[in-house]
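Enquirer: File final_11.cif follows (mmCIF, C-alpha atoms):
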```cif
data_query
#
loop_
_atom_site.label_atom_id
_atom_site.label_comp_id
_atom_site.auth_asym_id
_atom_site.auth_seq_id
_atom_site.Cartn_x
_atom_site.Cartn_y
_atom_site.Cartn_z
CA MET A 1148 -21.41 -131.26 -6.04
CA ASN A 1149 -18.73 -133.90 -6.14
CA CYS A 1150 -16.43 -134.47 -9.10
CA PRO A 1151 -17.75 -137.11 -11.51
CA ALA A 1152 -14.16 -138.21 -12.24
CA CYS A 1153 -12.67 -138.60 -8.76
CA GLY A 1154 -15.42 -137.84 -6.21
CA ALA A 1155 -13.69 -134.84 -4.62
CA PRO A 1156 -15.71 -131.69 -3.84
CA MET A 1157 -16.03 -129.23 -6.72
CA HIS A 1158 -15.88 -125.43 -6.38
CA LEU A 1159 -17.12 -122.51 -8.46
CA THR A 1160 -14.56 -121.27 -10.96
CA GLY A 1161 -13.46 -117.64 -11.08
CA GLY A 1162 -16.00 -116.89 -13.81
CA ASN A 1163 -18.74 -118.60 -11.78
CA ALA A 1164 -20.14 -120.39 -14.83
CA SER A 1165 -18.69 -123.81 -14.09
CA LEU A 1166 -17.40 -126.03 -11.29
CA ARG A 1167 -13.80 -127.21 -10.98
CA CYS A 1168 -12.26 -130.06 -9.03
CA ASP A 1169 -9.14 -128.84 -7.23
CA TYR A 1170 -7.85 -132.40 -7.03
CA CYS A 1171 -8.01 -133.67 -10.64
CA MET A 1172 -8.83 -130.32 -12.37
CA THR A 1173 -11.99 -131.66 -14.00
CA VAL A 1174 -14.33 -128.85 -15.07
CA VAL A 1175 -18.09 -129.30 -15.25
CA VAL A 1176 -20.29 -126.75 -17.03
CA ILE A 1177 -23.81 -126.72 -15.63
CA ALA A 1178 -26.59 -126.46 -18.21
CA PRO A 1179 -29.03 -123.59 -17.59
CA ASP A 1180 -32.68 -124.27 -16.79
CA ASP A 1181 -35.58 -122.95 -18.90
CA ALA A 1182 -35.14 -119.46 -17.41
CA GLY A 1183 -31.41 -119.42 -18.16
CA VAL A 1184 -30.34 -119.98 -14.53
CA GLN A 1185 -27.35 -122.23 -13.93
CA LEU A 1186 -27.83 -123.90 -10.53
CA MET A 1187 -24.29 -124.57 -9.34
CA ASP A 1188 -24.40 -125.95 -5.79
CA GLN A 1189 -26.63 -125.72 -2.75
CA ALA A 1190 -26.00 -122.67 -0.57
CA VAL A 1191 -25.30 -123.85 2.97
CA GLY A 1192 -27.79 -122.65 5.56
CA VAL A 1193 -29.72 -120.30 3.26
CA ALA A 1194 -33.42 -121.00 2.74
CA CYS A 1195 -35.95 -119.54 0.33
CA PRO A 1196 -38.12 -116.90 2.04
CA VAL A 1197 -41.20 -118.14 0.17
CA ASP A 1198 -41.15 -121.93 0.56
CA THR A 1199 -38.17 -122.54 2.94
CA GLU A 1200 -36.46 -124.84 0.41
CA PRO A 1201 -32.66 -124.50 0.28
CA LEU A 1202 -31.40 -121.78 -2.04
CA TRP A 1203 -28.75 -122.63 -4.62
CA ASN A 1204 -25.70 -120.66 -5.68
CA ALA A 1205 -26.50 -119.83 -9.27
CA VAL A 1206 -25.42 -117.82 -12.29
CA LEU A 1207 -27.76 -115.88 -14.57
CA ALA A 1208 -26.54 -113.69 -17.42
CA HIS A 1209 -22.98 -113.84 -16.02
CA ILE A 1210 -24.11 -112.60 -12.57
CA SER A 1211 -23.77 -114.68 -9.39
CA LEU A 1212 -26.92 -114.90 -7.30
CA ARG A 1213 -28.98 -117.43 -5.39
CA ALA A 1214 -32.06 -119.19 -6.72
CA CYS A 1215 -34.83 -121.44 -5.47
CA LYS A 1216 -35.40 -124.62 -7.47
CA GLN A 1217 -38.97 -124.88 -6.20
CA CYS A 1218 -40.52 -121.41 -6.68
CA HIS A 1219 -37.88 -119.98 -9.08
CA GLY A 1220 -37.36 -116.93 -6.87
CA LEU A 1221 -34.05 -115.07 -7.09
CA LEU A 1222 -31.89 -113.48 -4.38
CA ALA A 1223 -29.68 -110.93 -6.13
CA PRO A 1224 -26.97 -108.67 -4.71
CA MET A 1225 -27.81 -104.97 -4.99
CA GLY A 1226 -24.36 -104.19 -6.39
CA SER A 1227 -24.92 -106.28 -9.52
CA PHE A 1228 -28.70 -105.95 -9.93
CA GLU A 1229 -28.67 -103.28 -12.66
CA GLU A 1230 -25.95 -105.20 -14.52
CA LEU A 1231 -28.14 -108.30 -14.31
CA ILE A 1232 -31.06 -106.39 -15.84
CA ASP A 1233 -28.83 -104.91 -18.57
CA ASN A 1234 -27.38 -108.34 -19.40
CA MET A 1235 -30.84 -109.91 -19.51
CA ARG A 1236 -32.18 -107.11 -21.74
CA ALA A 1237 -29.29 -107.75 -24.15
CA GLU A 1238 -30.36 -111.42 -24.31
CA HIS A 1239 -34.10 -110.62 -24.46
CA PRO A 1240 -34.54 -107.36 -26.39
CA GLU A 1241 -38.28 -107.81 -27.04
CA THR A 1242 -40.59 -105.73 -24.86
CA VAL A 1243 -44.06 -106.50 -23.55
CA ASP A 1244 -46.45 -104.16 -21.76
CA PRO A 1245 -46.82 -105.80 -18.35
CA SER A 1246 -50.08 -106.20 -16.53
CA PRO A 1247 -50.57 -103.97 -13.48
CA ALA A 1248 -49.00 -105.05 -10.22
CA ASN A 1249 -51.16 -106.51 -7.49
CA PRO A 1250 -51.12 -103.84 -4.70
CA PRO A 1251 -51.84 -106.39 -1.90
CA ASP A 1252 -48.43 -107.93 -2.76
CA LEU A 1253 -46.93 -104.86 -1.07
CA LYS A 1254 -48.25 -106.11 2.28
CA ARG A 1255 -46.27 -109.35 2.15
CA LYS A 1256 -43.74 -109.93 4.89
CA VAL A 1257 -40.66 -111.45 3.26
CA ILE A 1258 -37.90 -112.53 5.62
CA CYS A 1259 -34.31 -111.98 4.45
CA PRO A 1260 -32.62 -115.36 3.96
CA ASN A 1261 -29.35 -113.84 5.22
CA CYS A 1262 -30.16 -111.82 8.38
CA HIS A 1263 -33.70 -113.17 9.02
CA GLN A 1264 -35.19 -109.67 9.38
CA VAL A 1265 -38.25 -108.44 7.49
CA MET A 1266 -37.35 -107.10 4.05
CA ASP A 1267 -38.81 -103.87 2.62
CA THR A 1268 -41.43 -104.87 0.02
CA HIS A 1269 -41.92 -102.22 -2.66
CA TYR A 1270 -42.42 -101.50 -6.34
CA TYR A 1271 -39.37 -101.69 -8.58
CA PHE A 1272 -39.34 -98.20 -10.09
CA GLY A 1273 -37.48 -99.15 -13.26
CA GLY A 1274 -40.52 -100.57 -15.02
CA GLY A 1275 -42.50 -103.76 -15.28
CA HIS A 1276 -45.03 -103.01 -12.53
CA ALA A 1277 -42.96 -105.40 -10.43
CA VAL A 1278 -43.11 -105.88 -6.68
CA MET A 1279 -39.86 -106.93 -5.04
CA SER A 1280 -38.34 -107.08 -1.56
CA THR A 1281 -35.08 -105.49 -0.43
CA CYS A 1282 -32.83 -105.95 2.59
CA GLU A 1283 -30.71 -102.80 2.90
CA ARG A 1284 -28.68 -104.38 5.75
CA CYS A 1285 -27.56 -107.30 3.59
CA GLU A 1286 -27.71 -105.41 0.26
CA LEU A 1287 -29.97 -108.03 -1.31
CA HIS A 1288 -33.09 -108.03 -3.50
CA TRP A 1289 -35.64 -110.86 -3.49
CA LEU A 1290 -37.67 -111.36 -6.66
CA ASP A 1291 -40.42 -113.95 -6.84
CA GLY A 1292 -40.33 -116.31 -9.82
CA GLY A 1293 -41.05 -114.43 -13.06
CA VAL A 1294 -40.58 -110.92 -11.62
CA LEU A 1295 -37.15 -110.43 -13.18
CA MET A 1296 -38.56 -111.10 -16.66
CA ARG A 1297 -41.40 -108.58 -16.02
CA ILE A 1298 -38.68 -106.00 -15.40
CA VAL A 1299 -36.50 -107.11 -18.32
CA ARG A 1300 -39.33 -107.17 -20.87
CA ALA A 1301 -40.94 -103.90 -19.78
CA PRO A 1302 -40.52 -100.98 -22.16
CA HIS A 1303 -37.26 -99.34 -21.09
CA ASN A 1304 -38.73 -95.87 -20.65
CA GLN A 1305 -41.55 -97.11 -18.42
CA ARG A 1306 -41.50 -96.36 -14.70
CA SER A 1307 -43.65 -98.20 -12.19
CA SER A 1308 -46.28 -96.24 -10.38
CA TRP A 1309 -49.38 -96.74 -8.33
CA SER A 1310 -52.52 -94.72 -8.45
CA SER A 1311 -52.92 -93.79 -4.79
CA GLU A 1312 -52.27 -94.68 -1.19
CA ALA A 1313 -55.68 -96.37 -1.28
CA ASP A 1314 -54.10 -99.10 -3.45
CA LEU A 1315 -51.89 -100.00 -0.52
CA ASP A 1316 -54.94 -100.65 1.64
CA ALA A 1317 -56.75 -102.75 -0.97
#
```
Rewrite the structure of this file - the entire thing - as structure tokens.
Expert:
Amino acid sequence: MNCPACGAPMHLTGGNASLRCDYCMTVVVIAPDDAGVQLMDQAVGVACPVDTEPLWNAVLAHISLRACKQCHGLLAPMGSFEELIDNMRAEHPETVDPSPANPPDLKRKVICPNCHQVMDTHYYFGGGHAVMSTCERCELHWLDGGVLMRIVRAPHNQRSSWSSEADLDA
């Protein structure tokens, strides 16, 4: 994004919740979307693994991540994932019993936007009956649109499970 005052390129601030122009020092705070995601600037050369649209550098609940404007998927660093969930639960304390996960979702082949290798698709074991993808090499999690809120709104003592290996073949 370019500065609205002088046209120079803007950069993320240290807190990653706004953009600052290094030339004229103008600060722009980006309004969050309906899901609370602040889309800051387009990530160069990083595409969504679902719809190949460019991912955006974003902030959600004070955590830096990448987001897709089209499908609302999120690419979150492993190192801050639990903090993201904790921060979101503080903002959304209500719980909802989630519907069961769709076992065929486990067969999806999601390609890591960073290293372009197949990610490991699995259940998130912290609740919400959520299916997510993980790239251990790049230390990233991919969550389809809405999956993070399934996790956040799940009862906190719930753990995801599946009934049998047969579910994986369904």
Enquirer: What do you get, as a ChimeraX atom specification, if you spell out every residue that the PyMOL selection byres ((chain A and resi 1287) around 7) selects here?
Expert: /A:1222-1225,1281-1283,1285-1286,1288-1289
Enquirer: Which value, in Å to one decimal, gives the distance between CA of His1219 (chain A) and CA of Pro1251 (chain A)?
Expert: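 We find that CA of His1219 (chain A) and CA of Pro1251 (chain A) lie 20.8 Å from each other.
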Enquirer: Excluding Arg1236 (chain A) and residues on its chain fewer than 6 positions from it, collect all residues at most 10 Å away from it, counting only C-alpha atoms, and give them as a count of residues only.
Expert: 9
Enquirer: Write out as a Markdown table the residues of region 1193-1246 of chain A that have any atom within 12 Å of an atom of region 1156-1170 of chain A, one row each with the nearest atom pair and its distance in Å to one decimal, counting all atoms listed in the file, sorted by chain and then rising number.
Expert:
```
| residue | atom | partner | partner_atom | distance |
| --- | --- | --- | --- | --- |
| A:Asn1204 | CA | A:Leu1159 | CA | 9.2 |
| A:Ala1205 | CA | A:Asn1163 | CA | 8.2 |
| A:Val1206 | CA | A:Ala1164 | CA | 6.4 |
| A:Leu1207 | CA | A:Ala1164 | CA | 8.9 |
| A:Ala1208 | CA | A:Ala1164 | CA | 9.6 |
| A:His1209 | CA | A:Ala1164 | CA | 7.2 |
| A:Ile1210 | CA | A:Asn1163 | CA | 8.1 |
| A:Ser1211 | CA | A:Asn1163 | CA | 6.8 |
| A:Leu1212 | CA | A:Asn1163 | CA | 10.0 |
```
Enquirer: Between A:Ala1155, A:Cys1171, A:Val1257, A:Met1148, single out the one closest to Leu1186 (chain A), counting all atoms listed in the file.
Expert: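 Of A:Ala1155, A:Cys1171, A:Val1257, A:Met1148, the one nearest Leu1186 (chain A), counting all atoms listed in the file, is A:Met1148.
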